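Engineer: Pasting a structure here, questions to come.
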Amino acid sequence: MRQLGMEFVRPNFGEYRLYITDMWLTVQMALWGTALALLIAIPLGLAGARNLTPTWIQQPVRRLLDVLRSVPDLVIGAIFVVAVGLGPFAGVMALAVNTGGVLGKLFSEAVEAIDRAPVEGVRATGAAPLHEIVWGVLPQVAPLWTSYALYRFESNARSATVLSLIGAGGIGQPLFDSINSFAFDQTSAIVIVIVVAVSGIDLLSQVIRGRLL
Amino acid sequence: MTFPAAVISVRNVSKRFGSTLALDGVSLEVGRGEMIALIGPSGSGKSTLLRTVAGLATIDAGGGTVTVFGERLQERGRLMDGFPRARRRIGFIFQQFNLVGRLSLFTNVALGSLGRIGFWRGLLGRWPIEVRTAAMAALVRVGVADRAGQRANTLSGGQQQRGAIARTLVQQAEVVLADEPVASLDPVSARNVMDILKDLNRVDGMTILVTLHQVDYALRYCDRVVALKAGCIVYDGPTSGLRQDALVNIYGPEFQDAF
């Protein structure tokens with residue numbers, strides 16, 4: 001046990017090139033997964049908001065989002081591995097579906113909390129319904145939507161690590177290999193790489209948020 | 001009073017919210033170029049009446065109709081197919097300004113053109129040069145051009161309300177419905193806003209229907225007063241005919257103490 005602890009405090013960065021390439025792959029998976037998720041979440045988030053659509057659209061959309069969100073990404077990933085083969089693409093799709101469900105729900109709730117008055121102001125100019133959404137709704141939800149999306153990007157970088165289990169590639173691969181072979185000095189090094197990457201993403205999202213808000 | 005062309009014609013309109021009857025068989029004719037004050041105590045149906053004329057609220061099913069510019073806007077409790085076309089010609093000014101807070105004042109004013117420029121141009125915010133010029137001209141006219149680039153929610157109430165008026169100018173509205181436009185403003189801003197509305201009426205010949213809490217504004221700025229009480233019109237005539245006893249009838253006996 002003591003030896004185990006000692007290995008953890010002496011990280012072995014011998015394979016750092018591999019770790020960095022793999023980490024970069026994982027970050028890219030998270031990035032694409034989140035980007036595709038936005039394509040799902042924006043239309044469904046608007047359609048699932050009670051104050052924008054009638055119940056017969058809103059309720060089915062919400063239930064669809066529930067399904068997307070509740071199926072674990074490992075399961076979706078496994079399905080995509082079967083469909084498109086091993087590799088990062090399966091991981092990207094798994095993240096996209098799951099995150100799409102989460103963001104869709106959060107986006108809907110943000111839309112439901114907006115102030116009706118500015119939307120009515122836009123409506124009164126004789127604008128079309130889509131104009132009302134673009135000019136009345138989106139400016140109001142933009143800060144919250146951005147925060148949610150950036151946070152999900154960050155947590156996807158972590159989820160993408162686990163997705164390596166089903167053969168999606170990325171930093172999870174060497175991580176699990178090192179654990180399975182009791183090479184905890186390497187595990188420790190990989191965890192440090194992940195922490196640095198996640199912190200980097202956090203700093204980046206702060207900059208993006210600062211620019212946008 | 002007879003007017004050759006009624007731009008707004010409300011006939012026998014009722015509107016019920018739950019158990020309260022906000023409008024009870026109201027009929028009103030508004031001629032082109034009039035400036036009319038709608039007065040009455042809170043809850044008398046003033047705002048509801050304006051909102052039904054703009055098509056922002058539907059009337060109750062029944063015999064009531066709302067006709068604007070000779071085109072039927074509402075009938076049997078439903079908005080007619082042509083209502084977006086009619087709505088384009090009606091500007092609406094709200095008590096709380098209803099600008100989009102995170103957008104610049106300029107963009108808010110340019111939004112007035114959404115009903116008349118192309119759908120995609122409007123959606124992407126690619127304002128034609130004509131709209132940009134009109135927006136700046138409108139901002140100059142209402143006196144807030146120096147704030148054009150500022151976010152609407154950083155402006156004072158008076159500035160926002162003037163921006164809202166500029167939006168109706170860019171809209172090229174022929175009728176302006178103003179719902180308590182000065183109720184949230186300090187006295188100086190309020191007078192300023194009323195002066196601008198009066199100017200639009202006099203110089204541009206816009207038809208203006210304005211609800212007011214302050215009877216003295218109604219007396220000073222409008223030629224015709226329509227008073228509502230519990231959803232019914234209790235006075236409709238020239239401002240000069242509005243006597244103290246009529247006001248007491250409208251607002252109740254406390255009116256004498258209040259003035």
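Residue numbering restarts at 1 for every chain of the structure tokens, chains are lettered A, B, ... in their displayed order, and ligands are numbered from 1 as they appear.
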I want to know what sits within 6 Å of region 132-145 of chain A, based on only C-alpha atoms, with residues of the same chain fewer than 5 positions away left out; could you give that as a VMD selection string?
Structural biologist: chain A and resid 118 to 119 122
Engineer: Could the residues in this selection be saved with N, CA and C atoms as a short mmCIF file (atom, residue, chain, number, x, y, z; two decimals), in the first residue's frame?
Structural biologist:
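The resulting file, selection.cif, is shown below:
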data_model
loop_
_atom_site.label_atom_id
_atom_site.label_comp_id
_atom_site.auth_asym_id
_atom_site.auth_seq_id
_atom_site.Cartn_x
_atom_site.Cartn_y
_atom_site.Cartn_z
N PRO A 118 -40.11 42.09 -24.03
CA PRO A 118 -39.35 42.43 -25.24
C PRO A 118 -39.81 41.64 -26.46
N VAL A 119 -40.22 40.39 -26.24
CA VAL A 119 -40.71 39.58 -27.36
C VAL A 119 -41.96 40.22 -27.95
N VAL A 122 -41.06 43.13 -30.08
CA VAL A 122 -40.66 42.75 -31.43
C VAL A 122 -41.90 42.36 -32.24
#
Engineer: Per residue of chain B within 9 Å of chain A, what are the shortest atom pair and its distance in Å to one decimal, counting only C-alpha atoms, with rows by chain and residue number, as CSV?
Structural biologist:
residue,atom,partner,partner_atom,distance
B:Ala54,CA,A:Ala124,CA,7.4
B:Gly55,CA,A:Ala124,CA,8.6
B:Leu56,CA,A:Ala124,CA,7.5
B:Phe83,CA,A:Gly126,CA,8.9
B:Pro84,CA,A:Gly126,CA,5.6
B:Arg85,CA,A:Gly126,CA,7.2
B:Ala86,CA,A:Gly126,CA,8.1
B:Arg87,CA,A:Gly126,CA,5.3
B:Arg88,CA,A:Gly126,CA,4.3
B:Arg89,CA,A:Gly126,CA,7.9
B:Ile90,CA,A:Thr125,CA,7.5
B:Gly91,CA,A:Thr125,CA,6.4
B:Phe92,CA,A:Ala124,CA,6.0
B:Ile93,CA,A:Gly121,CA,8.1
B:Phe94,CA,A:Gly121,CA,7.8
B:Gln96,CA,A:Ala117,CA,7.8
B:Phe97,CA,A:Gly121,CA,7.9
B:Asn98,CA,A:Pro118,CA,4.3
B:Leu99,CA,A:Pro118,CA,5.3
B:Val100,CA,A:Pro118,CA,5.1
B:Gly101,CA,A:Gln140,CA,7.9
B:Arg102,CA,A:Pro139,CA,6.2
B:Leu103,CA,A:Pro139,CA,7.1
B:Asn108,CA,A:Val122,CA,8.6
B:Leu111,CA,A:Val122,CA,7.0
B:Gly112,CA,A:Thr125,CA,5.3
B:Ser113,CA,A:Thr125,CA,7.3
B:Leu114,CA,A:Ala127,CA,5.1
B:Gly115,CA,A:Gly126,CA,4.6
B:Arg116,CA,A:Gly126,CA,8.1
B:Phe119,CA,A:Ala128,CA,7.9
B:Gly122,CA,A:His131,CA,7.1
B:Leu123,CA,A:His131,CA,5.7
B:Leu124,CA,A:Val134,CA,8.5
B:Gly125,CA,A:Trp135,CA,9.0
B:Ala164,CA,A:Gly121,CA,8.8
B:Arg167,CA,A:Thr125,CA,8.1
B:Thr168,CA,A:Thr125,CA,7.4
B:Gln171,CA,A:Thr125,CA,6.5
B:Ala173,CA,A:Thr125,CA,8.7
Engineer: Since we have the selection now, will you write its residues out, keeping C-alpha atoms, as an mmCIF file, in the first residue's frame?
Structural biologist:
data_model
loop_
_atom_site.group_PDB
_atom_site.id
_atom_site.type_symbol
_atom_site.label_atom_id
_atom_site.label_comp_id
_atom_site.auth_asym_id
_atom_site.auth_seq_id
_atom_site.Cartn_x
_atom_site.Cartn_y
_atom_site.Cartn_z
ATOM 1 C CA ALA B 54 -52.940 45.835 -32.063
ATOM 2 C CA GLY B 55 -53.905 42.175 -32.228
ATOM 3 C CA LEU B 56 -51.764 41.428 -29.175
ATOM 4 C CA PHE B 83 -53.513 40.555 -39.274
ATOM 5 C CA PRO B 84 -49.705 40.658 -39.652
ATOM 6 C CA ARG B 85 -50.152 43.024 -42.580
ATOM 7 C CA ALA B 86 -52.344 45.334 -40.541
ATOM 8 C CA ARG B 87 -50.075 45.071 -37.515
ATOM 9 C CA ARG B 88 -47.148 46.380 -39.538
ATOM 10 C CA ARG B 89 -48.940 49.701 -39.855
ATOM 11 C CA ILE B 90 -49.634 49.931 -36.136
ATOM 12 C CA GLY B 91 -46.859 50.990 -33.799
ATOM 13 C CA PHE B 92 -47.136 50.034 -30.163
ATOM 14 C CA ILE B 93 -45.486 51.785 -27.240
ATOM 15 C CA PHE B 94 -45.471 50.010 -23.911
ATOM 16 C CA GLN B 96 -42.188 49.213 -19.745
ATOM 17 C CA PHE B 97 -40.696 50.182 -23.163
ATOM 18 C CA ASN B 98 -40.236 46.494 -24.138
ATOM 19 C CA LEU B 99 -36.891 47.042 -25.795
ATOM 20 C CA VAL B 100 -34.556 44.053 -25.963
ATOM 21 C CA GLY B 101 -32.163 44.929 -23.148
ATOM 22 C CA ARG B 102 -29.015 43.240 -24.419
ATOM 23 C CA LEU B 103 -29.218 44.724 -27.901
ATOM 24 C CA ASN B 108 -33.733 47.914 -31.237
ATOM 25 C CA LEU B 111 -36.074 46.043 -35.483
ATOM 26 C CA GLY B 112 -38.959 48.322 -36.422
ATOM 27 C CA SER B 113 -38.258 47.437 -40.048
ATOM 28 C CA LEU B 114 -38.739 43.665 -39.569
ATOM 29 C CA GLY B 115 -42.255 43.714 -40.957
ATOM 30 C CA ARG B 116 -41.344 45.439 -44.203
ATOM 31 C CA PHE B 119 -37.470 37.829 -44.213
ATOM 32 C CA GLY B 122 -34.450 40.710 -41.036
ATOM 33 C CA LEU B 123 -33.484 37.356 -39.583
ATOM 34 C CA LEU B 124 -29.753 37.949 -40.062
ATOM 35 C CA GLY B 125 -29.842 41.624 -39.101
ATOM 36 C CA ALA B 164 -39.351 52.828 -28.552
ATOM 37 C CA ARG B 167 -38.805 52.133 -33.456
ATOM 38 C CA THR B 168 -42.362 52.988 -34.497
ATOM 39 C CA GLN B 171 -41.720 50.884 -38.725
ATOM 40 C CA ALA B 173 -46.463 53.163 -38.522
#
Engineer: From a DSSP calculation on the backbone, collect every residue of region 37-203 of chain B in alpha helix (DSSP H) and output the set as number ranges by chain.
Structural biologist: B: 46-54, 83-88, 105-110, 119-124, 129-142, 157-170, 187-203
Engineer: Do a neighbour search on Gly62 (chain B) at 9 Å with only C-alpha atoms, toss out local chain neighbours closer than 2 positions, and write the hits as a VMD selection string.
Structural biologist: chain B and resid 12 to 14 59 to 60 64 to 65 75 to 77
Engineer: Find the residues near Val207 (chain A): any atom within 12 Å, counting only C-alpha atoms, skip ones fewer than 6 places away on the same chain, and give them as a ChimeraX atom specification.
Structural biologist: /A:146-147,150,200-201,213
Engineer: Next, write the just-selected residues to a file, as a PDB file, in the first residue's frame, keeping N, CA and C atoms as the atom set.
Structural biologist:
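Output saved as part-v9.pdb:
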ATOM      1  N   THR A 146     -24.749  30.110 -23.408  1.00  0.00           N
ATOM      2  CA  THR A 146     -23.291  30.038 -23.570  1.00  0.00           C
ATOM      3  C   THR A 146     -22.661  29.362 -22.367  1.00  0.00           C
ATOM      4  N   SER A 147     -23.086  29.750 -21.174  1.00  0.00           N
ATOM      5  CA  SER A 147     -22.521  29.142 -19.969  1.00  0.00           C
ATOM      6  C   SER A 147     -22.755  27.642 -19.957  1.00  0.00           C
ATOM      7  N   LEU A 150     -20.575  25.840 -22.615  1.00  0.00           N
ATOM      8  CA  LEU A 150     -19.156  25.778 -22.249  1.00  0.00           C
ATOM      9  C   LEU A 150     -18.935  24.792 -21.109  1.00  0.00           C
ATOM     10  N   GLY A 200      -7.273  24.166 -18.496  1.00  0.00           N
ATOM     11  CA  GLY A 200      -7.095  24.965 -19.702  1.00  0.00           C
ATOM     12  C   GLY A 200      -8.426  25.296 -20.350  1.00  0.00           C
ATOM     13  N   ILE A 201      -9.298  24.284 -20.416  1.00  0.00           N
ATOM     14  CA  ILE A 201     -10.625  24.512 -21.001  1.00  0.00           C
ATOM     15  C   ILE A 201     -11.398  25.529 -20.178  1.00  0.00           C
ATOM     16  N   LEU A 213     -20.358  38.150 -23.209  1.00  0.00           N
ATOM     17  CA  LEU A 213     -21.384  38.722 -22.324  1.00  0.00           C
ATOM     18  C   LEU A 213     -21.281  40.236 -22.215  1.00  0.00           C
TER      19      LEU A 213
END
Engineer: One number please: CA of Ala189 (chain A) to CA of Phe13 (chain A), in Å, one decimal.
Structural biologist: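 Value for the CA of Ala189 (chain A)-CA of Phe13 (chain A) distance: 5.8 Å.
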Engineer: What does the distance from CA of Val75 (chain A) to CA of Pro88 (chain A) come to in Å, to one decimal?
Structural biologist: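 These two atoms are separated by 14.9 Å.
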Engineer: Quick one: everything within 10 Å of Ala183 (chain B), counting only C-alpha atoms, minus sequence neighbours fewer than 3 positions away in the same chain. Send it as a PyMOL selection string.
Structural biologist: chain B and resi 94-96+179-180+186-187+190+211-214
Engineer: Determine the nearest neighbour of Ser205 (chain A) from the options A:Ala149, A:Val193, A:Val84, A:Val162, counting only C-alpha atoms.
Structural biologist: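 Looking only at the distances to Ser205 (chain A), the closest residue turns out to be A:Ala149.
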Engineer: Taking 2 positions as the minimum chain separation for residues in the same chain, which residues sit within 12 Å of region 24-30 of chain A when counting only C-alpha atoms? Answer as a ChimeraX atom specification.
Structural biologist: /A:17-22,32-37,87-96,98-99,149-164,168-174,193-194,196-198,200-201
Engineer: Since we have the selection now, will you write its residues out, keeping C-alpha atoms, as a compact mmCIF listing (two decimals), in the first residue's frame?
Structural biologist:
# COMPACT_ATOMS: atom_id res chain seq x y z
CA ARG A 17 4.25 12.74 -26.06
CA LEU A 18 1.68 9.97 -26.24
CA TYR A 19 -0.32 11.46 -23.37
CA ILE A 20 -0.48 14.86 -24.99
CA THR A 21 -1.52 13.47 -28.40
CA ASP A 22 -4.17 11.34 -26.72
CA TRP A 32 -17.06 17.99 -31.81
CA GLY A 33 -19.45 16.20 -29.50
CA THR A 34 -20.53 19.51 -27.98
CA ALA A 35 -20.75 21.22 -31.37
CA LEU A 36 -23.02 18.50 -32.77
CA ALA A 37 -24.99 18.55 -29.52
CA GLY A 87 -12.60 5.09 -33.15
CA PRO A 88 -13.25 8.63 -32.01
CA PHE A 89 -16.27 9.13 -34.28
CA ALA A 90 -18.32 6.70 -32.18
CA GLY A 91 -17.29 8.67 -29.09
CA VAL A 92 -18.23 11.96 -30.71
CA MET A 93 -21.69 10.68 -31.59
CA ALA A 94 -22.22 9.28 -28.10
CA LEU A 95 -21.33 12.64 -26.55
CA ALA A 96 -23.45 14.52 -29.07
CA ASN A 98 -26.25 12.64 -24.61
CA THR A 99 -25.20 16.28 -24.40
CA ALA A 149 -22.62 24.91 -23.53
CA LEU A 150 -19.16 25.78 -22.25
CA TYR A 151 -19.73 23.83 -19.04
CA ARG A 152 -20.88 20.82 -21.03
CA PHE A 153 -17.78 21.09 -23.22
CA GLU A 154 -15.67 20.89 -20.11
CA SER A 155 -17.55 17.94 -18.65
CA ASN A 156 -17.48 16.23 -22.05
CA ALA A 157 -13.70 16.35 -21.93
CA ARG A 158 -14.00 14.24 -18.79
CA SER A 159 -16.72 11.94 -20.18
CA ALA A 160 -14.65 11.40 -23.31
CA THR A 161 -11.93 9.91 -21.11
CA VAL A 162 -14.29 7.20 -19.94
CA LEU A 163 -15.52 6.58 -23.49
CA SER A 164 -12.09 5.13 -24.28
CA ALA A 168 -13.24 5.40 -28.83
CA GLY A 169 -9.56 6.19 -28.32
CA GLY A 170 -8.09 9.16 -26.51
CA ILE A 171 -6.43 9.67 -23.16
CA GLY A 172 -8.61 7.04 -21.50
CA GLN A 173 -6.75 4.32 -23.35
CA PRO A 174 -3.34 4.77 -21.66
CA VAL A 193 -2.37 15.83 -17.89
CA ILE A 194 -6.18 15.59 -17.64
CA VAL A 196 -4.16 20.56 -16.76
CA ALA A 197 -6.33 20.11 -19.86
CA VAL A 198 -9.58 20.63 -17.97
CA GLY A 200 -7.09 24.96 -19.70
CA ILE A 201 -10.62 24.51 -21.00
Engineer: What is the distance between CA of Leu21 (chain B) and CA of Lys46 (chain B), in Å to one decimal?
Structural biologist: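 Answer for the CA of Leu21 (chain B) to CA of Lys46 (chain B) separation: 12.3 Å.
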